[in-house]
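Notes follow once the structure below has been shown.
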Amino acid sequence: MPMEIVDPHSSVGDVYDRVFSGQPIMLSLSGDKNIVMLSKTEFDELQRIKNNAAFIEKLDKSREEYKNGRVVIKTMDELEAMAAVSENMTMNGELS
């Protein structure tokens, strides 16, 4: 649905109704200053898409590092030993 540009002095109730029905609204202010209003549901969806894109970018970077041999391989025993050392340091106040 295309964004509608409305005067900021429009009826607030009318603007809210349009936003809650899924219509993003741009309030055109003086100069180049504009405000976009959208529902919380639409905002949350945009945030989810943004977060997914960032996660996919991290996965792609990890795949590239793996493909180029930039990895560290540890056995489960080594990982558990590292975790135990970290836990001990935290309990002793060495890590915060």
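Every chain in the structure tokens has a letter given in the order shown (A, B, ...), and although residue numbers restart at 1 in each chain, ligands are simply numbered from 1 in the order shown.
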Within 7 Å of Met3 in chain A, counting only C-alpha atoms, which residues show up once you throw out same-chain ones fewer than 5 positions away? Write them as a ChimeraX atom specification, please.
/A:23-26
Run DSSP on the backbone and grab whatever in range 5-64 of chain A lands in strand (DSSP E or B); send it over as a PyMOL selection string.
chain A and resi 5-6+25-28+34-37
Write out as a count of residues only the set of residues from range 37-80 of chain A that DSSP, computed on the backbone, places in alpha helix (DSSP H).
33
State, in Å with one decimal place, the distance from CA of Glu65 in chain A to CA of Asn52 in chain A.
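If I compute the distance from CA of Glu65 in chain A to CA of Asn52 in chain A, I get 19.9 Å.
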Name all residues at most 12 Å from range 5-21 of chain A (count only C-alpha atoms; drop same-chain ones fewer than 2 positions away) and give them as a PyMOL selection string.
chain A and resi 1-3+23-30+33-43
Written selection (C-alpha atoms) as an mmCIF file, in the first residue's frame:
data_model
loop_
_atom_site.group_PDB
_atom_site.id
_atom_site.type_symbol
_atom_site.label_atom_id
_atom_site.label_comp_id
_atom_site.auth_asym_id
_atom_site.auth_seq_id
_atom_site.Cartn_x
_atom_site.Cartn_y
_atom_site.Cartn_z
ATOM 1 C CA MET A 1 0.000 0.000 0.000
ATOM 2 C CA PRO A 2 1.534 3.360 -0.998
ATOM 3 C CA MET A 3 2.264 5.901 1.696
ATOM 4 C CA GLN A 23 -1.843 2.657 5.881
ATOM 5 C CA PRO A 24 1.528 4.262 6.649
ATOM 6 C CA ILE A 25 1.201 8.031 6.768
ATOM 7 C CA MET A 26 3.819 10.708 6.148
ATOM 8 C CA LEU A 27 3.244 13.984 7.919
ATOM 9 C CA SER A 28 4.876 16.664 5.810
ATOM 10 C CA LEU A 29 6.345 19.383 7.992
ATOM 11 C CA SER A 30 8.105 22.566 6.993
ATOM 12 C CA LYS A 33 11.285 17.501 7.753
ATOM 13 C CA ASN A 34 8.844 14.620 7.511
ATOM 14 C CA ILE A 35 7.494 12.129 10.008
ATOM 15 C CA VAL A 36 6.279 8.661 9.076
ATOM 16 C CA MET A 37 3.595 7.058 11.226
ATOM 17 C CA LEU A 38 2.895 3.361 11.135
ATOM 18 C CA SER A 39 1.225 0.913 13.448
ATOM 19 C CA LYS A 40 3.195 -0.926 16.136
ATOM 20 C CA THR A 41 2.450 -4.162 14.271
ATOM 21 C CA GLU A 42 4.069 -2.798 11.098
ATOM 22 C CA PHE A 43 6.986 -1.381 13.092
#
